[in-house]
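Next comes my_file_37.pdb, a file with PDB, C-alpha atoms and all ligand atoms.
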MODEL        1
ATOM      1  CA  MET A   1       0.000   0.000   0.000
ATOM      2  CA  THR A   2       1.259   3.511  -0.806
ATOM      3  CA  LYS A   3       1.754   5.846   2.095
ATOM      4  CA  LYS A   4      -0.719   8.702   2.419
ATOM      5  CA  TYR A   5       0.272  12.215   3.418
ATOM      6  CA  ARG A   6      -1.433  15.483   4.128
ATOM      7  CA  CYS A   7      -0.662  19.016   5.154
ATOM      8  CA  ARG A   8      -3.458  21.127   6.595
ATOM      9  CA  TYR A   9      -1.871  24.263   5.111
ATOM     10  CA  LEU A  10      -1.623  22.819   1.629
ATOM     11  CA  ALA A  11      -5.333  22.082   1.944
ATOM     12  CA  HIS A  12      -6.582  25.291   3.536
ATOM     13  CA  GLY A  13      -3.706  27.791   3.881
ATOM     14  CA  LEU A  14      -3.208  31.027   1.956
ATOM     15  CA  TYR A  15      -0.073  33.134   2.162
ATOM     16  CA  ILE A  16      -0.707  36.555   0.666
ATOM     17  CA  HIS A  17       2.675  37.614  -0.673
ATOM     18  CA  TYR A  18       3.487  40.957  -2.395
ATOM     19  CA  ASP A  19       2.699  39.759  -5.890
ATOM     20  CA  CYS A  20       1.077  36.346  -5.565
ATOM     21  CA  PHE A  21      -0.736  33.850  -3.386
ATOM     22  CA  ARG A  22       1.184  30.883  -1.988
ATOM     23  CA  HIS A  23       0.092  27.834  -0.018
ATOM     24  CA  CYS A  24       2.042  28.771   3.100
ATOM     25  CA  HIS A  25       4.931  30.962   4.252
ATOM     26  CA  LEU A  26       7.266  27.988   4.755
ATOM     27  CA  SER A  27       9.320  25.713   2.464
ATOM     28  CA  ILE A  28      12.244  26.300   4.806
ATOM     29  CA  HIS A  29      13.432  22.774   4.250
ATOM     30  CA  SER A  30      13.546  23.102   0.483
ATOM     31  CA  PRO A  31      15.019  26.592  -0.034
ATOM     32  CA  ASN A  32      15.706  25.962  -3.718
ATOM     33  CA  GLU A  33      12.089  25.065  -4.276
ATOM     34  CA  ARG A  34      10.683  28.038  -2.403
ATOM     35  CA  ASN A  35       9.551  29.832  -5.566
ATOM     36  CA  ASN A  36       7.487  26.837  -6.582
ATOM     37  CA  ASN A  37       5.306  27.353  -3.544
ATOM     38  CA  TYR A  38       3.125  29.553  -5.723
ATOM     39  CA  ILE A  39      -0.564  29.432  -6.623
ATOM     40  CA  VAL A  40      -1.656  32.446  -8.689
ATOM     41  CA  PRO A  41      -0.468  36.044  -9.231
ATOM     42  CA  TYR A  42      -2.124  38.746  -7.135
ATOM     43  CA  LYS A  43      -0.869  42.310  -6.717
ATOM     44  CA  GLY A  44      -3.707  44.084  -4.975
ATOM     45  CA  PRO A  45      -7.318  45.197  -5.326
ATOM     46  CA  LYS A  46      -7.008  45.822  -9.094
ATOM     47  CA  ASP A  47      -6.503  42.075  -9.596
ATOM     48  CA  LYS A  48      -9.366  39.671  -9.229
ATOM     49  CA  ALA A  49      -8.590  36.741  -6.944
ATOM     50  CA  ASN A  50      -9.227  33.627  -8.987
ATOM     51  CA  TRP A  51     -10.631  31.313  -6.318
ATOM     52  CA  GLU A  52     -11.561  28.608  -8.800
ATOM     53  CA  GLU A  53      -7.958  28.407  -9.971
ATOM     54  CA  ILE A  54      -6.641  28.545  -6.397
ATOM     55  CA  PHE A  55      -8.733  25.613  -5.204
ATOM     56  CA  LYS A  56      -8.106  23.636  -8.394
ATOM     57  CA  ASN A  57      -4.378  23.965  -7.717
ATOM     58  CA  LYS A  58      -4.786  23.021  -4.055
ATOM     59  CA  ASN A  59      -7.031  20.033  -4.819
ATOM     60  CA  LYS A  60      -4.544  18.670  -7.314
ATOM     61  CA  LEU A  61      -1.644  18.801  -4.852
ATOM     62  CA  VAL A  62      -3.749  17.519  -1.942
ATOM     63  CA  SER A  63      -4.992  14.578  -4.053
ATOM     64  CA  GLU A  64      -1.448  13.748  -5.170
ATOM     65  CA  MET A  65      -0.213  13.873  -1.589
ATOM     66  CA  ARG A  66      -2.967  11.456  -0.613
ATOM     67  CA  GLU A  67      -1.446   9.114  -3.210
ATOM     68  CA  GLY A  68       2.011   9.498  -1.682
ATOM     69  CA  VAL A  69       3.410  12.250  -3.952
ATOM     70  CA  ILE A  70       4.888  15.132  -1.949
ATOM     71  CA  PRO A  71       5.359  18.451  -3.840
ATOM     72  CA  PRO A  72       9.083  19.327  -4.060
ATOM     73  CA  PHE A  73       8.604  22.571  -2.085
ATOM     74  CA  CYS A  74       7.116  20.550   0.812
ATOM     75  CA  LYS A  75       9.835  17.895   1.012
ATOM     76  CA  GLY A  76      11.235  17.669   4.544
ATOM     77  CA  CYS A  77       8.627  19.977   6.048
ATOM     78  CA  HIS A  78       7.626  19.076   9.595
ATOM     79  CA  TRP A  79       3.981  19.927   8.875
ATOM     80  CA  ILE A  80       3.536  16.857   6.684
ATOM     81  CA  GLU A  81       1.434  14.216   8.397
ATOM     82  CA  GLU A  82       1.391  10.590   7.407
ATOM     83  CA  PHE A  83      -1.997   8.969   7.901
ATOM     84  CA  ASP A  84      -3.443   5.518   8.068
ATOM     85  CA  GLU A  85      -3.253   3.921   4.639
ATOM     86  CA  ASN A  86      -6.373   1.850   5.390
ATOM     87  CA  SER A  87      -8.506   4.897   6.151
ATOM     88  CA  GLU A  88      -9.351   6.243   2.713
ATOM     89  CA  ASN A  89     -11.939   8.542   4.218
ATOM     90  CA  GLN A  90      -9.628  10.322   6.607
ATOM     91  CA  PHE A  91      -9.108  14.020   6.019
ATOM     92  CA  LEU A  92     -11.518  14.144   3.078
ATOM     93  CA  SER A  93     -12.367  17.720   4.104
ATOM     94  CA  ASP A  94      -8.863  18.583   2.863
ATOM     95  CA  LEU A  95     -10.511  18.575  -0.568
ATOM     96  CA  ASP A  96     -13.201  21.084   0.449
ATOM     97  CA  ASN A  97     -12.770  24.545  -0.992
ATOM     98  CA  TYR A  98     -12.169  26.961   1.851
ATOM     99  CA  ILE A  99      -9.344  28.767   3.606
ATOM    100  CA  ASP A 100      -8.825  28.602   7.364
ATOM    101  CA  MET A 101      -5.291  29.960   7.662
ATOM    102  CA  ILE A 102      -4.218  33.312   6.229
ATOM    103  CA  TRP A 103      -0.698  34.718   6.398
ATOM    104  CA  VAL A 104      -0.687  38.463   5.813
ATOM    105  CA  GLY A 105       2.546  39.121   3.943
ATOM    106  CA  HIS A 106       1.819  41.823   1.355
ATOM    107  CA  SER A 107       4.419  44.296   2.659
ATOM    108  CA  ASN A 108       8.000  43.995   3.859
ATOM    109  CA  ASP A 109       8.095  47.507   5.288
ATOM    110  CA  CYS A 110       9.941  47.429   8.603
ATOM    111  CA  ASN A 111      11.507  49.672  11.254
ATOM    112  CA  SER A 112      14.238  47.162  12.151
ATOM    113  CA  LYS A 113      17.152  45.721  10.183
ATOM    114  CA  CYS A 114      17.502  42.222  11.619
ATOM    115  CA  ILE A 115      20.521  40.549  10.077
ATOM    116  CA  TYR A 116      18.693  37.259   9.626
ATOM    117  CA  CYS A 117      15.549  38.633   8.017
ATOM    118  CA  PHE A 118      14.560  37.856   4.428
ATOM    119  CA  ALA A 119      12.477  41.023   4.306
ATOM    120  CA  TYR A 120      15.508  43.105   5.322
ATOM    121  CA  GLN A 121      17.601  41.443   2.633
ATOM    122  CA  GLU A 122      14.999  42.623   0.145
ATOM    123  CA  ILE A 123      14.947  46.129   1.657
ATOM    124  CA  VAL A 124      18.747  46.322   1.256
ATOM    125  CA  GLU A 125      18.270  45.323  -2.362
ATOM    126  CA  LYS A 126      15.825  48.244  -2.616
ATOM    127  CA  ARG A 127      12.840  45.990  -2.923
ATOM    128  CA  THR A 128      10.759  47.490  -0.148
ATOM    129  CA  THR A 129       7.127  46.898  -0.923
ATOM    130  CA  LYS A 130       4.566  49.146   0.692
ATOM    131  CA  ALA A 131       1.248  47.598   1.543
ATOM    132  CA  TYR A 132      -1.688  47.846  -0.844
ATOM    133  CA  ASP A 133      -5.190  48.074   0.608
ATOM    134  CA  ILE A 134      -5.907  44.489   1.594
ATOM    135  CA  ILE A 135      -9.294  45.172   3.215
ATOM    136  CA  PRO A 136     -11.373  44.621   0.007
ATOM    137  CA  LEU A 137      -9.766  41.187  -0.423
ATOM    138  CA  PHE A 138     -10.541  40.223   3.166
ATOM    139  CA  LYS A 139     -14.125  41.482   2.896
ATOM    140  CA  GLU A 140     -14.567  39.371  -0.233
ATOM    141  CA  MET A 141     -13.106  36.328   1.523
ATOM    142  CA  LEU A 142     -15.401  36.744   4.515
ATOM    143  CA  ASN A 143     -18.542  37.557   2.488
ATOM    144  CA  GLN A 144     -18.055  34.621   0.133
ATOM    145  CA  LYS A 145     -17.042  32.304   2.997
ATOM    146  CA  ILE A 146     -13.723  31.629   1.287
ATOM    147  CA  TYR A 147     -12.267  32.241   4.748
ATOM    148  CA  ASN A 148     -14.726  29.995   6.465
ATOM    149  CA  LEU A 149     -15.273  30.284  10.198
ATOM    150  CA  GLU A 150     -18.241  27.906  10.046
ATOM    151  CA  LYS A 151     -16.149  25.067   8.641
ATOM    152  CA  GLU A 152     -13.243  25.896  10.959
ATOM    153  CA  PRO A 153     -14.098  27.972  14.036
ATOM    154  CA  GLU A 154     -10.420  27.912  15.030
ATOM    155  CA  ALA A 155      -9.334  29.568  11.748
ATOM    156  CA  HIS A 156      -6.265  31.764  12.024
ATOM    157  CA  VAL A 157      -4.987  35.086  10.686
ATOM    158  CA  SER A 158      -1.233  35.447  10.990
ATOM    159  CA  PHE A 159       0.957  38.486  10.264
ATOM    160  CA  ALA A 160       4.080  37.049   8.757
ATOM    161  CA  MET A 161       6.119  39.606   6.817
ATOM    162  CA  GLY A 162       7.622  43.017   7.552
ATOM    163  CA  GLU A 163       6.519  44.786  10.722
ATOM    164  CA  PRO A 164       2.735  44.372  11.009
ATOM    165  CA  THR A 165       2.198  47.260  13.428
ATOM    166  CA  LEU A 166       3.421  49.626  10.684
ATOM    167  CA  LEU A 167       0.541  48.622   8.405
ATOM    168  CA  LYS A 168      -1.863  51.566   8.092
ATOM    169  CA  LYS A 169      -4.746  49.101   8.110
ATOM    170  CA  PHE A 170      -3.432  46.919  10.933
ATOM    171  CA  ASP A 171      -6.211  47.875  13.379
ATOM    172  CA  ASP A 172      -8.828  47.646  10.617
ATOM    173  CA  ILE A 173      -7.731  44.110   9.711
ATOM    174  CA  ILE A 174      -7.988  42.955  13.329
ATOM    175  CA  ASN A 175     -11.370  44.658  13.755
ATOM    176  CA  LEU A 176     -12.760  43.206  10.544
ATOM    177  CA  PHE A 177     -11.883  39.622  11.424
ATOM    178  CA  ALA A 178     -12.718  39.957  15.122
ATOM    179  CA  LYS A 179     -16.188  41.280  14.240
ATOM    180  CA  ALA A 180     -16.682  38.313  11.903
ATOM    181  CA  GLY A 181     -16.003  36.020  14.894
ATOM    182  CA  ASN A 182     -12.352  35.201  14.280
ATOM    183  CA  LYS A 183     -10.760  34.024  17.528
ATOM    184  CA  ASN A 184      -7.159  33.446  16.533
ATOM    185  CA  PHE A 185      -4.524  35.923  15.422
ATOM    186  CA  ALA A 186      -0.785  35.371  15.314
ATOM    187  CA  LEU A 187       1.473  38.401  15.412
ATOM    188  CA  TYR A 188       5.181  38.211  14.635
ATOM    189  CA  THR A 189       6.343  41.669  15.643
ATOM    190  CA  ASN A 190       9.705  43.229  16.470
ATOM    191  CA  GLY A 191       8.087  45.018  19.433
ATOM    192  CA  ILE A 192       9.549  48.444  18.657
ATOM    193  CA  ARG A 193       6.013  49.824  18.436
ATOM    194  CA  PHE A 194       3.459  48.972  21.080
ATOM    195  CA  SER A 195       0.028  48.281  19.604
ATOM    196  CA  ARG A 196      -3.022  49.094  21.748
ATOM    197  CA  MET A 197      -5.163  46.996  19.424
ATOM    198  CA  THR A 198      -2.962  43.964  20.119
ATOM    199  CA  ALA A 199      -3.218  44.519  23.867
ATOM    200  CA  LYS A 200      -7.001  44.934  23.550
ATOM    201  CA  TYR A 201      -7.396  41.593  21.758
ATOM    202  CA  ILE A 202      -4.718  39.801  23.773
ATOM    203  CA  LYS A 203      -6.951  36.830  24.576
ATOM    204  CA  ASN A 204      -7.175  36.120  20.830
ATOM    205  CA  MET A 205      -3.523  36.848  20.043
ATOM    206  CA  ASN A 206      -0.421  34.732  19.842
ATOM    207  CA  ILE A 207       2.343  37.310  19.922
ATOM    208  CA  VAL A 208       5.945  36.386  19.206
ATOM    209  CA  ILE A 209       8.769  38.869  19.699
ATOM    210  CA  SER A 210      12.279  37.817  18.829
ATOM    211  CA  LEU A 211      14.509  39.641  21.315
ATOM    212  CA  ASP A 212      17.618  37.486  20.653
ATOM    213  CA  ALA A 213      19.734  39.351  23.191
ATOM    214  CA  GLY A 214      20.044  40.172  26.860
ATOM    215  CA  THR A 215      22.008  43.395  26.322
ATOM    216  CA  LYS A 216      21.483  46.480  24.198
ATOM    217  CA  GLU A 217      24.902  46.039  22.548
ATOM    218  CA  THR A 218      24.122  42.564  21.201
ATOM    219  CA  PHE A 219      20.589  43.666  20.321
ATOM    220  CA  LYS A 220      21.979  46.500  18.176
ATOM    221  CA  LYS A 221      24.396  44.144  16.434
ATOM    222  CA  ILE A 222      21.491  41.883  15.462
ATOM    223  CA  LYS A 223      18.765  44.415  14.816
ATOM    224  CA  GLY A 224      20.811  47.303  13.413
ATOM    225  CA  VAL A 225      18.726  49.762  15.459
ATOM    226  CA  ASP A 226      19.137  51.133  18.961
ATOM    227  CA  LYS A 227      15.706  50.135  20.250
ATOM    228  CA  PHE A 228      16.426  47.609  22.988
ATOM    229  CA  LYS A 229      14.647  49.688  25.651
ATOM    230  CA  ASP A 230      11.568  50.238  23.487
ATOM    231  CA  VAL A 231      11.242  46.518  22.794
ATOM    232  CA  CYS A 232      11.668  45.642  26.480
ATOM    233  CA  SER A 233       8.992  48.180  27.360
ATOM    234  CA  THR A 234       6.579  46.672  24.785
ATOM    235  CA  ILE A 235       7.280  43.150  26.021
ATOM    236  CA  LYS A 236       6.553  44.200  29.600
ATOM    237  CA  LYS A 237       3.215  45.759  28.601
ATOM    238  CA  TYR A 238       2.106  42.750  26.547
ATOM    239  CA  ALA A 239       3.280  40.373  29.310
ATOM    240  CA  LYS A 240       1.176  42.260  31.845
ATOM    241  CA  GLU A 241      -1.924  41.874  29.651
ATOM    242  CA  ALA A 242      -1.157  38.264  28.700
ATOM    243  CA  ASN A 243      -0.625  37.223  32.307
ATOM    244  CA  LYS A 244      -4.167  38.358  33.128
ATOM    245  CA  THR A 245      -5.652  35.840  30.672
ATOM    246  CA  ASP A 246      -3.188  33.297  29.309
ATOM    247  CA  PRO A 247       0.573  33.803  29.772
ATOM    248  CA  LYS A 248       1.220  31.822  26.575
ATOM    249  CA  ARG A 249      -0.309  34.656  24.551
ATOM    250  CA  LEU A 250       3.162  36.234  24.524
ATOM    251  CA  GLY A 251       6.258  34.276  23.505
ATOM    252  CA  VAL A 252       9.725  35.824  23.516
ATOM    253  CA  LYS A 253      12.282  34.210  21.268
ATOM    254  CA  TYR A 254      16.046  33.732  21.171
ATOM    255  CA  ILE A 255      17.362  32.897  17.730
ATOM    256  CA  ILE A 256      20.879  31.559  18.112
ATOM    257  CA  ILE A 257      23.090  33.277  15.529
ATOM    258  CA  PRO A 258      26.592  31.776  15.336
ATOM    259  CA  ASN A 259      29.384  34.256  16.136
ATOM    260  CA  VAL A 260      26.893  36.853  17.330
ATOM    261  CA  ASN A 261      24.883  35.662  20.344
ATOM    262  CA  ASP A 262      25.939  32.010  20.629
ATOM    263  CA  ASN A 263      27.191  32.131  24.197
ATOM    264  CA  LYS A 264      25.892  31.366  27.662
ATOM    265  CA  GLU A 265      26.593  34.870  29.055
ATOM    266  CA  GLU A 266      24.201  36.486  26.584
ATOM    267  CA  ILE A 267      21.637  33.728  27.012
ATOM    268  CA  ASP A 268      21.781  34.044  30.820
ATOM    269  CA  LYS A 269      21.176  37.792  30.555
ATOM    270  CA  TRP A 270      18.244  37.208  28.177
ATOM    271  CA  LEU A 271      16.749  34.586  30.511
ATOM    272  CA  ASP A 272      17.125  36.835  33.545
ATOM    273  CA  LEU A 273      15.693  39.852  31.727
ATOM    274  CA  CYS A 274      12.669  38.003  30.328
ATOM    275  CA  ILE A 275      11.809  35.960  33.395
ATOM    276  CA  ASN A 276      12.696  38.263  36.277
ATOM    277  CA  LYS A 277      12.349  41.778  34.895
ATOM    278  CA  LEU A 278       9.766  41.599  32.114
ATOM    279  CA  ASP A 279       7.624  38.856  33.669
ATOM    280  CA  VAL A 280       7.465  36.748  30.511
ATOM    281  CA  LYS A 281       6.084  33.228  31.071
ATOM    282  CA  TYR A 282       6.712  31.690  27.670
ATOM    283  CA  LEU A 283      10.090  31.477  25.940
ATOM    284  CA  ILE A 284      11.063  30.108  22.546
ATOM    285  CA  ALA A 285      14.410  29.122  21.023
ATOM    286  CA  ASP A 286      15.473  28.672  17.422
ATOM    287  CA  VAL A 287      18.534  28.657  15.166
ATOM    288  CA  GLU A 288      19.230  31.272  12.490
ATOM    289  CA  GLU A 289      17.787  30.153   9.167
ATOM    290  CA  HIS A 290      20.398  31.234   6.546
ATOM    291  CA  TRP A 291      23.130  29.593   8.581
ATOM    292  CA  PHE A 292      20.994  26.481   9.134
ATOM    293  CA  VAL A 293      20.284  26.146   5.416
ATOM    294  CA  ASN A 294      23.959  26.726   4.497
ATOM    295  CA  LYS A 295      24.926  23.971   6.910
ATOM    296  CA  CYS A 296      22.206  21.709   5.414
ATOM    297  CA  GLY A 297      20.786  21.301   8.907
ATOM    298  CA  GLU A 298      24.100  20.000  10.310
ATOM    299  CA  ILE A 299      24.312  21.803  13.629
ATOM    300  CA  PRO A 300      27.468  21.680  15.804
ATOM    301  CA  GLN A 301      27.101  20.158  19.235
ATOM    302  CA  TYR A 302      27.743  23.443  21.094
ATOM    303  CA  VAL A 303      24.658  25.040  19.465
ATOM    304  CA  LYS A 304      22.553  22.006  20.384
ATOM    305  CA  ASP A 305      23.906  22.279  23.935
ATOM    306  CA  LEU A 306      22.854  25.934  24.098
ATOM    307  CA  LEU A 307      19.343  25.043  22.943
ATOM    308  CA  ILE A 308      19.121  22.313  25.550
ATOM    309  CA  TYR A 309      20.500  24.728  28.166
ATOM    310  CA  ILE A 310      17.684  27.225  27.459
ATOM    311  CA  ARG A 311      15.063  24.485  27.650
ATOM    312  CA  GLN A 312      16.473  23.158  30.922
ATOM    313  CA  HIS A 313      16.534  26.615  32.476
ATOM    314  CA  CYS A 314      12.883  27.168  31.525
ATOM    315  CA  GLN A 315      11.896  23.804  32.951
ATOM    316  CA  ASP A 316      13.714  24.609  36.212
ATOM    317  CA  GLU A 317      11.970  27.990  36.424
ATOM    318  CA  ASN A 318       8.579  26.547  35.457
ATOM    319  CA  ILE A 319       8.382  28.690  32.315
ATOM    320  CA  HIS A 320       6.555  27.461  29.194
ATOM    321  CA  PHE A 321       9.080  26.629  26.514
ATOM    322  CA  GLU A 322       9.097  25.619  22.863
ATOM    323  CA  PHE A 323      11.605  24.999  20.106
ATOM    324  CA  TYR A 324      10.664  26.676  16.799
ATOM    325  CA  ASP A 325      11.109  25.495  13.215
ATOM    326  CA  ARG A 326      14.857  24.773  12.838
ATOM    327  CA  ALA A 327      15.440  23.863  16.484
ATOM    328  CA  LEU A 328      12.291  21.743  16.397
ATOM    329  CA  VAL A 329      13.459  19.502  13.561
ATOM    330  CA  LEU A 330      16.692  18.758  15.442
ATOM    331  CA  ASN A 331      14.620  16.521  17.747
ATOM    332  CA  LEU A 332      16.620  17.411  20.817
TER     333      LEU A 332
HETATM  334  S1  LIG B 401       4.001  20.711   3.860
HETATM  335 FE1  LIG B 401       5.072  22.521   4.685
HETATM  336  S2  LIG B 401       5.836  23.595   2.875
HETATM  337 FE2  LIG B 401       4.189  22.196   2.175
HETATM  338  S3  LIG B 401       2.299  23.419   2.204
HETATM  339 FE3  LIG B 401       2.484  22.344   4.167
HETATM  340  S4  LIG B 401       3.462  23.831   5.541
HETATM  341 FE4  LIG B 401       3.855  24.514   3.430
ENDMDL
END

What is this file in structure tokens?
Amino acid sequence: MTKKYRCRYLAHGLYIHYDCFRHCHLSIHSPNERNNNYIVPYKGPKDKANWEEIFKNKNKLVSEMREGVIPPFCKGCHWIEEFDENSENQFLSDLDNYIDMIWVGHSNDCNSKCIYCFAYQEIVEKRTTKAYDIIPLFKEMLNQKIYNLEKEPEAHVSFAMGEPTLLKKFDDIINLFAKAGNKNFALYTNGIRFSRMTAKYIKNMNIVISLDAGTKETFKKIKGVDKFKDVCSTIKKYAKEANKTDPKRLGVKYIIIPNVNDNKEEIDKWLDLCINKLDVKYLIADVEEHWFVNKCGEIPQYVKDLLIYIRQHCQDENIHFEFYDRALVLNL
């Protein structure tokens, strides 16, 4: 019997990129295939979103995956699930035509210059893309039940490119979806700007801020801006709100970047700052992506030891902890 596979994002995900729609914002494990994670062109409200074409494309790939054929851009991705080859009827709703996961990625505008960021690389290459008005697209998706909260009440809107709090329509996007009954938002923000709207909807938010440093000197080296204090202040405010409802609503991350912050002294300062001064209850660790890809996932033991060290410290302090994408696939 052939093995059967699925990915919930291939079935129902939509990454809105600057000039096209993609299935997801990932393909980190197949960097050379990244550009093939592409569905149809879309550059803003002047274009008509071709939903028929989008779902035809998704159905084809989903059906092939159910027959054991994994698209090249998905190969190695940890979101692929293998399912019981005797249960033909499992996950048949993967072939239903609706979206339940949106990544908002139509602008790479940012107020930070993180050395590991793909968006920043594009900004350096003078490819900054300002946001177009995305509200008409979202209204269409909600009105036509393309984004379908009835089929999936736990549907998710995630901000996954550039600095979301700089979007002119950031508050409008949150309001629009919240009023439609959307309960889950994910916000990947650099924390330089505090967003009242985010604090207001904290019980529906999953906020991730990558601080990556315990000192302002290291922070500046990584971020290229002198905003350590501002970010700490934002983290403290979000942590205060999150701790009133669910402390896991705010996660603070440390991305290990070789030759920059790959040492215990910096990590200890970050741990102390987050846990004891900013009152953060959920920490995350990862490994820098460009470096990880260049090393083909071969990570030296000292980096693995640092990841394990962070996890151990969190366990000892009773702090929620998680490894993210690259660190996660190391299976430590
Ligand atoms: S398997 Fe991974 S790369 Fe492929 S669609 Fe799913 S999340 Fe994206």

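Considering all atoms listed in the file, the residue among A:Gly76, A:Pro247, A:Pro300, A:Pro153 positioned nearest to A:Val329 is A:Gly76.
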
Query raised in the report: Where does the PyMOL selection byres (((chain A and resi 176-184) around 7) and not hetatm) land in this file, that is, which residues does it pick, as a list of chain:residue names?
Result: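 Evaluating the PyMOL selection byres (((chain A and resi 176-184) around 7) and not hetatm) on these coordinates yields A:Glu154, A:Ala155, A:His156, A:Val157, A:Asp172, A:Ile173, A:Ile174, A:Asn175, A:Phe185, A:Ala186, A:Asn204, A:Met205.
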
Query - Matched chain/residue IDs from the PyMOL selection byres (((chain A and resi 297) around 12) and not hetatm), as a PyMOL selection string - result: chain A and resi 28-31+76+287-296+298-300+303-304+325-331

Query raised in the report: Which residues match the PyMOL selection byres (((chain A and resi 238) around 9) and not hetatm) in the file above, as an MDAnalysis selection string?
Result: chainID A and resid 194 198:199 202 207 233:237 239:243 249:250 280

Which protein, DNA or RNA residues have an atom within 9 Å of ligand LIG 401 (chain B), counting all atoms listed in the file, as an mmCIF file with C-alpha atoms, keeping the file's coordinate frame?
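So out-v6.cif came out as:
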data_model
loop_
_atom_site.group_PDB
_atom_site.id
_atom_site.type_symbol
_atom_site.label_atom_id
_atom_site.label_comp_id
_atom_site.auth_asym_id
_atom_site.auth_seq_id
_atom_site.Cartn_x
_atom_site.Cartn_y
_atom_site.Cartn_z
ATOM 1 C CA ARG A 6 -1.433 15.483 4.128
ATOM 2 C CA CYS A 7 -0.662 19.016 5.154
ATOM 3 C CA ARG A 8 -3.458 21.127 6.595
ATOM 4 C CA TYR A 9 -1.871 24.263 5.111
ATOM 5 C CA LEU A 10 -1.623 22.819 1.629
ATOM 6 C CA ALA A 11 -5.333 22.082 1.944
ATOM 7 C CA GLY A 13 -3.706 27.791 3.881
ATOM 8 C CA ARG A 22 1.184 30.883 -1.988
ATOM 9 C CA HIS A 23 0.092 27.834 -0.018
ATOM 10 C CA CYS A 24 2.042 28.771 3.100
ATOM 11 C CA HIS A 25 4.931 30.962 4.252
ATOM 12 C CA LEU A 26 7.266 27.988 4.755
ATOM 13 C CA SER A 27 9.320 25.713 2.464
ATOM 14 C CA ILE A 28 12.244 26.300 4.806
ATOM 15 C CA HIS A 29 13.432 22.774 4.250
ATOM 16 C CA SER A 30 13.546 23.102 0.483
ATOM 17 C CA ARG A 34 10.683 28.038 -2.403
ATOM 18 C CA ASN A 37 5.306 27.353 -3.544
ATOM 19 C CA ILE A 70 4.888 15.132 -1.949
ATOM 20 C CA PRO A 71 5.359 18.451 -3.840
ATOM 21 C CA PRO A 72 9.083 19.327 -4.060
ATOM 22 C CA PHE A 73 8.604 22.571 -2.085
ATOM 23 C CA CYS A 74 7.116 20.550 0.812
ATOM 24 C CA LYS A 75 9.835 17.895 1.012
ATOM 25 C CA GLY A 76 11.235 17.669 4.544
ATOM 26 C CA CYS A 77 8.627 19.977 6.048
ATOM 27 C CA HIS A 78 7.626 19.076 9.595
ATOM 28 C CA TRP A 79 3.981 19.927 8.875
ATOM 29 C CA ILE A 80 3.536 16.857 6.684
ATOM 30 C CA GLU A 81 1.434 14.216 8.397
#

Query raised in the report: If you count all atoms listed in the file, which residues fall within 8 Å of A:Val208, apart from same-chain ones fewer than 3 positions away, as a ChimeraX atom specification?
Result: /A:186-189,250-253

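Our summary of the geometry notes that atom CA of A:Phe118 is positioned 12.1 Å from atom CA of A:Gly105.
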
Query raised in the report: Which residues come within 7 Å of A:Val104, counting all atoms listed in the file, excluding same-chain residues fewer than 3 positions away, as number ranges by chain?
Result: A: 15-16, 158-161

Query - Which of A:Glu265, A:Glu53, A:Glu140, A:Asp286 sits closest to A:Glu322 [using all atoms listed in the file] - result: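 So, comparing all the options, the nearest one is A:Asp286.
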
Query raised in the report: Counting only C-alpha atoms, which of A:Trp103, A:Val231, A:Tyr147, A:Thr218 gets nearest to A:Asn263?
Result: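 When distances to A:Asn263 are compared using only C-alpha atoms, the smallest one comes from A:Thr218.
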
Query raised in the report: Between A:Leu273, A:Val62, A:Asp316, A:Phe21, which is the closest to A:Asp47 once you count all atoms listed in the file?
Result: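 The closest residue to A:Asp47 is A:Phe21.
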
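Across the structure, atom CA of A:Phe321 and atom CA of A:Lys281 are spaced 8.6 Å apart.
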
Query - Interatomic distance, atom CA of A:Asn190 to atom CA of A:Thr129 (Å, one decimal) - result: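 Result for atom CA of A:Asn190 versus atom CA of A:Thr129: 18.0 Å, one decimal.
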
**Report entry** Pick from A:Ile275, A:Ile209, A:Ile39, A:Ala285, whichever lies nearest to A:Ile256 using all atoms listed in the file
**Finding:** A:Ala285

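If you count only C-alpha atoms and ignore residues fewer than 5 places along the chain from A:His106, what sits within 9 Å of it is Tyr15, Ile16, His17, Tyr18, Asp19, Cys20, Lys43, Gly44, Thr129, Lys130, Ala131, Tyr132, Ile134, Met161 and Gly162 of chain A.
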
Those same residues - C-alpha atoms - I'd like them written as a compact mmCIF listing (two decimals), in the coordinates of the input.
# COMPACT_ATOMS: atom_id res chain seq x y z
CA TYR A 15 -0.07 33.13 2.16
CA ILE A 16 -0.71 36.56 0.67
CA HIS A 17 2.68 37.61 -0.67
CA TYR A 18 3.49 40.96 -2.40
CA ASP A 19 2.70 39.76 -5.89
CA CYS A 20 1.08 36.35 -5.56
CA LYS A 43 -0.87 42.31 -6.72
CA GLY A 44 -3.71 44.08 -4.97
CA THR A 129 7.13 46.90 -0.92
CA LYS A 130 4.57 49.15 0.69
CA ALA A 131 1.25 47.60 1.54
CA TYR A 132 -1.69 47.85 -0.84
CA ILE A 134 -5.91 44.49 1.59
CA MET A 161 6.12 39.61 6.82
CA GLY A 162 7.62 43.02 7.55

Box along x, y and z, 8 Å on every side, all listed atoms of stretch 243-255 of chain A inside: centre and edge lengths in Å to one decimal, as AutoDock Vina command-line options.
--center_x 5.9 --center_y 35.1 --center_z 25.4 --size_x 39.0 --size_y 22.5 --size_z 31.4

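Distances to A:Lys264 were evaluated for A:Lys216, A:His313, A:Lys227, A:Arg193 using all atoms listed in the file, and the minimum falls at A:His313.
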
Query - Distance query 12 Å from (18.7, 37.5, 33.9) using only C-alpha atoms, result as a PyMOL selection string - result: chain A and resi 213-215+264-280+313+317
